Amino acid sequence: MRTNGIVSVTERSNADMGADMLSMGQVTTVAEIQSTLAKLKEQEFSITKRLNDLIASQKDLNRELGKLDIVRAQLGSQAVATRSIHNSMLGDAAATAQKISSAVQVLDLEQSRVKATLEVVEQVSELKACVHGVVGSMGAPQDWETAAGYLSRAARIPEEIIKGSFAEETVPSIEIPDPPSVTLNNAAESLCGLFLREFDKATKEDNGPKITRFFKLFPLIGRSDIGLNAYGRYVCQGVASHARENLNPGTRGLQGKEGFFYANALSKLFEYIAQIVDRHGGLVERHYGKGRMIKVVERLQDEADVQGGIIVDAWSEERGVDRKLTDIKSYAFTFLVQSFLPAAQTSRNPISRTGSPAVFEREVTQTDDNGVDMKEVNALLDESGMMLGRWSLYCRFVSTKCTNSSETQGSRPQAFPELLTNSLLFRKVNDKLVSSFNQMTTFYFRRSVEKAFQLDEQPQDLSLNMSKSLLGNGPYITSAVDDVMYIVNQVLQRTLTTSQRSVIASVVPTISRILSADFIGMIQRKMRDESYPKGAVQGGLPPEHIIVAFLVLLNNLDVSADYIKRIISSRLDTSLDAISQPDPSEIPTTPSTTTITLPISITLQSAFPFGHDAEFISHSLYSLHTTFYTKAAELLADGIFVVFRNVMKPRLRPVLLDTFRDIDYTLSHDEIEELNRLAEDHDDSMNTGTGPLVDNTGRALSVEDAVPVRFQSGWDALHKPLRRILTDANWERVLGTTATYLAEILEKRIWGYYGKIDGLGASRLERDIDRIVGIIVRGGGKYALREEFARCTQICLVMTMEEEEWDELKEDDKALNVEWKIDTEEKLRARSMARY
């Protein structure tokens, strides 16, 4: 160990010194030789010192090793003494303990056998008492409750004891010679037959206490299934009787089967079954065990299938549903079809409009309505919707009775009970009610849309003339929008009330399709064929009534989208504003497939508790909103561009030409003061080319106010007539498009002053541009519109910069904390525009 220590020390020293010392083969000069020799001496001294330290410590180490040898000798003697004590004293004690433990185990075994024997004896004794008690109670006393009690006690005795040889030898007697198992079984069969007869007799007599008395005895004799079957027959008889009574109007003083007669009959059927389950469920579970009420519910469902099927079939036959569906399928929707035909065909076949003075049109309208009475369809939808709602409520009730509370409260979705899925009434509801409801709803909604456009009326006395006041308050829309959106709300409300996923899955996409194809399609056709704002001559303005009609159609789209959003928001119990809506100019060409997580409202969760139905309904409703919004936004974007191109754009250039008329940005201070003095002393008769600046009314203007005042006048005349008719959202869209174009032509005008402007003129131009932008922004109420004019304001900014700022900008393009919209070349061009 010491040698290894010395070697390790030497190696570490060599390693430490070797890092700084050259080998003899590497030295080339005398200085390097001397340096290496000095380091070797230093290393030798270090190693020698360490070796001396180790040798000095060796004496202490030897002393400690001697002490350890002495302790080892002492421990050896102690170990010898311990082994002798163990061999001489503890060995006998261990043997004795082993004998005692074995004896205790034998005693425990004997004691357990004695206890088992005593338990068998007690059980056989209990069995004998039960056998004699049953036979004795069934004799002269005829105490059925006591006999059933003895059988219940006997049922708690293990079967191997009852059929064991010991019981078969000791229990039988002269009076009861049969084995106990045979005796108990015969007694149970005899009592079961007796209880059934008495139970049936009590049900015929409608003796409630007696029914309850014998119903409670079946579990005691081990015949629970027979008792539940008997009880099921009894309650089913009551259900059948109650259902027949409800279907007979005369028994309740009713005069006929109008209104919601069949819906009420079905509701009463389900209510009666629910009352039975609620009222008797506690009794059944108390005497028959937890969860045994499901057996009764199954029997009740069989009867519900029969009676409910009778009601549904009677409704279908009495209301003539099949005939009505045939009429619906054959309805041609003449008005809608002709509305989408090319203009040449519609001119040969005039489109009927209810309310028109034309006799021909009234006759066509009456012909269209023949065969399908909308009031009858609406009444059928109301009644069938009510029946579906009651069926859904009944399904939720049965589900709670067939599902354990632990499953209901768990994280797993509630499953639709197989008891109902396999029932005849489930198939009957789907075949008769759901199918007819979906078909009639589709017809009712599309016919309502058609009727709304047949009765469509424009808002009265709309004009672009600002001197004429408008009647009423906005938004200015046609009557079809209110009519259709009312029907949308009504149909959705009735559909959701059914609480049927299959109904929602059919009706909501149908509403979306009809709104997109027919409602928006009709507005699009009107915008294209009837109200397209186009001048009679090239470059001319469209007629006023055409512009107004087109603006109203744009309002129709905007208001309809808002209506749909509010309707869907109310159904989802959440604001759709939290989910960002796309801008019309950014609408994708294909619908987005991104899955959006929507909050599930408590209302929807309670109405659609099964599986993921509530989530499906939420996404279906949201899809209706997004689909309609996308279609409306696309058409709105096109319509807004048409208004800009055909109405706003032709009048913007004259406004700007008049705004900058006679404006000279090379005037000196003296010339500006002279013009301002002339404006103060101006007379209309002196309005000549050398006079002051004037507006379009001849009013004299100062040099500082000429541009903004003229632009304000022209801009007001241009935008106010449109703004008072358009909705706020539509006006913002028009203004955004107009601002983009206006920014482009303002920029061209600014560049047009290249070389025609001096330093003072540059400051005036910057101020004029800023005030024009301020007028537009105030008119739209959107500060973000300033971004459209960022290039114009930055060009003016560069023109009017101080030399120090310009030098700083040239060195650092990010100077002045400005997000530049113009590039370096444009900055240089702007800087060289003015003559300083």
# chains A, B, ... in the order shown; residues from 1 in each chain; ligands from 1

call {"tool": "residues_around", "arguments": {"residues": "range 665-681 of chain A", "least_positions_apart": "4", "cutoff": "7 Å", "atoms": "only C-alpha atoms", "output": "PDB file with C-alpha atoms, in the first residue's frame"}}
result
ATOM      1  CA  GLY A 691     -59.516  86.176 -56.391  1.00  0.00           C
ATOM      2  CA  PRO A 692     -59.296  84.086 -53.213  1.00  0.00           C
ATOM      3  CA  ALA A 700     -64.167  82.285 -49.796  1.00  0.00           C
ATOM      4  CA  LEU A 701     -61.660  80.067 -47.989  1.00  0.00           C
ATOM      5  CA  SER A 702     -58.307  80.673 -46.386  1.00  0.00           C
ATOM      6  CA  VAL A 703     -55.297  78.895 -47.840  1.00  0.00           C
ATOM      7  CA  LYS A 756     -43.600  71.624 -57.823  1.00  0.00           C
ATOM      8  CA  ILE A 757     -43.371  72.193 -54.115  1.00  0.00           C
ATOM      9  CA  ASP A 758     -41.073  74.009 -51.727  1.00  0.00           C
ATOM     10  CA  GLY A 761     -45.558  73.897 -49.425  1.00  0.00           C
TER      11      GLY A 761
END

call {"tool": "select_by_dssp", "arguments": {"residues": "range 560-781 of chain A", "states": "helix (DSSP H, G or I)", "output": "PyMOL selection string"}}
result
chain A and resi 560-572+576-578+584-586+602-607+613-659+669-680+684-686+703-723+728-752+759-780

call {"tool": "closest_residue", "arguments": {"among": "A:Asp558, A:Glu376, A:Glu189, A:Glu544", "to": "Ile523 in chain A", "atoms": "only C-alpha atoms"}}
result
A:Asp558

call {"tool": "atom_distance", "arguments": {"atom1": "CA of Ala94 in chain A", "atom2": "CA of Asp108 in chain A"}}
result
21.2 Å

call {"tool": "select_by_dssp", "arguments": {"residues": "range 654-812 of chain A", "states": "strand (DSSP E)", "output": "list of chain:residue names"}}
result
A:Leu693, A:Val694, A:Ala700, A:Leu701, A:Ile757, A:Asp758

call {"tool": "write_last_selection", "arguments": {"atoms": "N, CA and C atoms", "output": "mmCIF file, in the first residue's frame"}}
result
data_model
loop_
_atom_site.group_PDB
_atom_site.id
_atom_site.type_symbol
_atom_site.label_atom_id
_atom_site.label_comp_id
_atom_site.auth_asym_id
_atom_site.auth_seq_id
_atom_site.Cartn_x
_atom_site.Cartn_y
_atom_site.Cartn_z
ATOM 1 N N LEU A 693 -59.353 81.688 -52.807
ATOM 2 C CA LEU A 693 -59.831 80.315 -52.984
ATOM 3 C C LEU A 693 -61.256 80.207 -52.465
ATOM 4 N N VAL A 694 -62.102 79.474 -53.193
ATOM 5 C CA VAL A 694 -63.516 79.344 -52.814
ATOM 6 C C VAL A 694 -63.904 77.885 -52.845
ATOM 7 N N ALA A 700 -65.611 82.110 -49.813
ATOM 8 C CA ALA A 700 -64.167 82.285 -49.796
ATOM 9 C C ALA A 700 -63.549 81.475 -48.665
ATOM 10 N N LEU A 701 -62.347 80.920 -48.950
ATOM 11 C CA LEU A 701 -61.660 80.067 -47.989
ATOM 12 C C LEU A 701 -60.232 80.554 -47.802
ATOM 13 N N ILE A 757 -43.067 71.909 -55.518
ATOM 14 C CA ILE A 757 -43.371 72.193 -54.115
ATOM 15 C C ILE A 757 -42.085 72.635 -53.424
ATOM 16 N N ASP A 758 -42.233 73.573 -52.487
ATOM 17 C CA ASP A 758 -41.073 74.009 -51.727
ATOM 18 C C ASP A 758 -41.231 73.581 -50.265
#

call {"tool": "residues_around", "arguments": {"residues": "range 736-753 of chain A", "least_positions_apart": "3", "cutoff": "6 Å", "atoms": "only C-alpha atoms", "output": "VMD selection string"}}
result
chain A and resid 732 to 733 756 788 to 789 792

call {"tool": "write_last_selection", "arguments": {"atoms": "C-alpha atoms", "output": "short mmCIF file (atom, residue, chain, number, x, y, z; two decimals), in the first residue's frame"}}
result
data_model
loop_
_atom_site.label_atom_id
_atom_site.label_comp_id
_atom_site.auth_asym_id
_atom_site.auth_seq_id
_atom_site.Cartn_x
_atom_site.Cartn_y
_atom_site.Cartn_z
CA GLU A 732 -67.51 50.04 -42.58
CA ARG A 733 -66.92 47.56 -45.40
CA LYS A 756 -43.60 71.62 -57.82
CA GLU A 788 -54.53 52.64 -45.26
CA PHE A 789 -52.95 56.09 -45.58
CA CYS A 792 -49.14 58.98 -47.87
#

call {"tool": "residues_around", "arguments": {"residues": "Val337 in chain A", "least_positions_apart": "2", "cutoff": "10 Å", "atoms": "only C-alpha atoms", "output": "list in words"}}
result
Ala332, Phe333, Thr334, Phe335, Ser339, Phe340, Leu341, Thr346, Ile351, Glu450 and Asp518 of chain A

call {"tool": "write_last_selection", "arguments": {"atoms": "C-alpha atoms", "output": "short mmCIF file (atom, residue, chain, number, x, y, z; two decimals), in the first residue's frame"}}
result
data_model
loop_
_atom_site.label_atom_id
_atom_site.label_comp_id
_atom_site.auth_asym_id
_atom_site.auth_seq_id
_atom_site.Cartn_x
_atom_site.Cartn_y
_atom_site.Cartn_z
CA ALA A 332 -93.00 21.96 -57.20
CA PHE A 333 -91.95 25.25 -55.51
CA THR A 334 -92.88 27.07 -58.70
CA PHE A 335 -91.93 30.53 -57.49
CA SER A 339 -86.89 32.83 -59.80
CA PHE A 340 -83.65 31.06 -60.64
CA LEU A 341 -84.41 30.68 -64.34
CA THR A 346 -88.96 34.35 -66.53
CA ILE A 351 -93.31 35.05 -61.34
CA GLU A 450 -90.71 30.91 -50.81
CA ASP A 518 -82.69 29.59 -51.69
#

call {"tool": "decode", "arguments": {"residues": "range 448-476 of chain A", "atoms": "N, CA and C atoms", "output": "CSV table (one decimal), in the first residue's frame"}}
result
chain,number,residue,atom,x,y,z
A,448,SER,N,-91.9,28.3,-46.5
A,448,SER,CA,-91.9,29.6,-45.8
A,448,SER,C,-91.0,30.6,-46.4
A,449,VAL,N,-89.8,30.1,-46.8
A,449,VAL,CA,-88.9,31.0,-47.5
A,449,VAL,C,-89.5,31.5,-48.8
A,450,GLU,N,-90.1,30.5,-49.5
A,450,GLU,CA,-90.7,30.9,-50.8
A,450,GLU,C,-91.8,31.9,-50.6
A,451,LYS,N,-92.6,31.7,-49.6
A,451,LYS,CA,-93.8,32.6,-49.3
A,451,LYS,C,-93.2,34.0,-48.9
A,452,ALA,N,-92.2,34.0,-48.1
A,452,ALA,CA,-91.6,35.2,-47.6
A,452,ALA,C,-91.2,36.1,-48.8
A,453,PHE,N,-90.6,35.5,-49.8
A,453,PHE,CA,-90.2,36.3,-51.0
A,453,PHE,C,-91.3,36.6,-51.9
A,454,GLN,N,-92.4,35.8,-51.9
A,454,GLN,CA,-93.6,36.1,-52.6
A,454,GLN,C,-94.2,37.4,-52.0
A,455,LEU,N,-94.2,37.5,-50.7
A,455,LEU,CA,-94.8,38.6,-50.0
A,455,LEU,C,-93.7,39.7,-49.7
A,456,ASP,N,-92.5,39.6,-50.3
A,456,ASP,CA,-91.5,40.5,-49.9
A,456,ASP,C,-91.8,42.0,-50.3
A,457,GLU,N,-91.5,42.9,-49.4
A,457,GLU,CA,-91.8,44.3,-49.6
A,457,GLU,C,-90.6,45.1,-49.2
A,458,GLN,N,-90.3,46.1,-50.1
A,458,GLN,CA,-89.2,47.0,-49.9
A,458,GLN,C,-89.6,48.1,-48.8
A,459,PRO,N,-88.6,48.6,-48.1
A,459,PRO,CA,-88.9,49.7,-47.1
A,459,PRO,C,-89.3,50.9,-47.9
A,460,GLN,N,-90.2,51.7,-47.4
A,460,GLN,CA,-90.8,52.8,-48.1
A,460,GLN,C,-90.0,54.1,-48.0
A,461,ASP,N,-90.1,54.9,-49.1
A,461,ASP,CA,-89.6,56.3,-49.0
A,461,ASP,C,-88.1,56.4,-48.7
A,462,LEU,N,-87.3,55.4,-49.2
A,462,LEU,CA,-85.8,55.6,-49.1
A,462,LEU,C,-85.3,56.4,-50.2
A,463,SER,N,-84.4,57.3,-49.9
A,463,SER,CA,-83.9,58.2,-50.9
A,463,SER,C,-82.4,58.6,-50.6
A,464,LEU,N,-81.7,58.8,-51.7
A,464,LEU,CA,-80.3,59.3,-51.5
A,464,LEU,C,-80.3,60.8,-51.4
A,465,ASN,N,-81.4,61.4,-51.5
A,465,ASN,CA,-81.5,62.9,-51.4
A,465,ASN,C,-81.5,63.2,-49.9
A,466,MET,N,-80.5,64.0,-49.5
A,466,MET,CA,-80.3,64.3,-48.0
A,466,MET,C,-81.4,65.2,-47.6
A,467,SER,N,-82.1,65.9,-48.5
A,467,SER,CA,-83.1,66.9,-48.1
A,467,SER,C,-84.4,66.1,-47.7
A,468,LYS,N,-84.5,64.9,-48.1
A,468,LYS,CA,-85.7,64.1,-47.8
A,468,LYS,C,-85.4,63.2,-46.5
A,469,SER,N,-86.2,63.3,-45.5
A,469,SER,CA,-86.0,62.5,-44.3
A,469,SER,C,-86.5,61.1,-44.6
A,470,LEU,N,-85.9,60.1,-43.9
A,470,LEU,CA,-86.2,58.7,-44.0
A,470,LEU,C,-87.3,58.4,-42.9
A,471,LEU,N,-88.2,57.6,-43.3
A,471,LEU,CA,-89.2,57.1,-42.4
A,471,LEU,C,-88.7,55.9,-41.6
A,472,GLY,N,-88.9,56.0,-40.3
A,472,GLY,CA,-88.6,54.9,-39.4
A,472,GLY,C,-87.1,54.9,-39.2
A,473,ASN,N,-86.6,53.9,-38.4
A,473,ASN,CA,-85.2,53.7,-38.1
A,473,ASN,C,-84.7,52.5,-38.7
A,474,GLY,N,-83.4,52.5,-38.9
A,474,GLY,CA,-82.7,51.3,-39.5
A,474,GLY,C,-82.7,50.1,-38.6
A,475,PRO,N,-82.3,49.0,-39.1
A,475,PRO,CA,-81.7,48.8,-40.4
A,475,PRO,C,-82.8,48.7,-41.5
A,476,TYR,N,-82.5,49.2,-42.7
A,476,TYR,CA,-83.5,49.2,-43.8
A,476,TYR,C,-83.3,47.9,-44.6
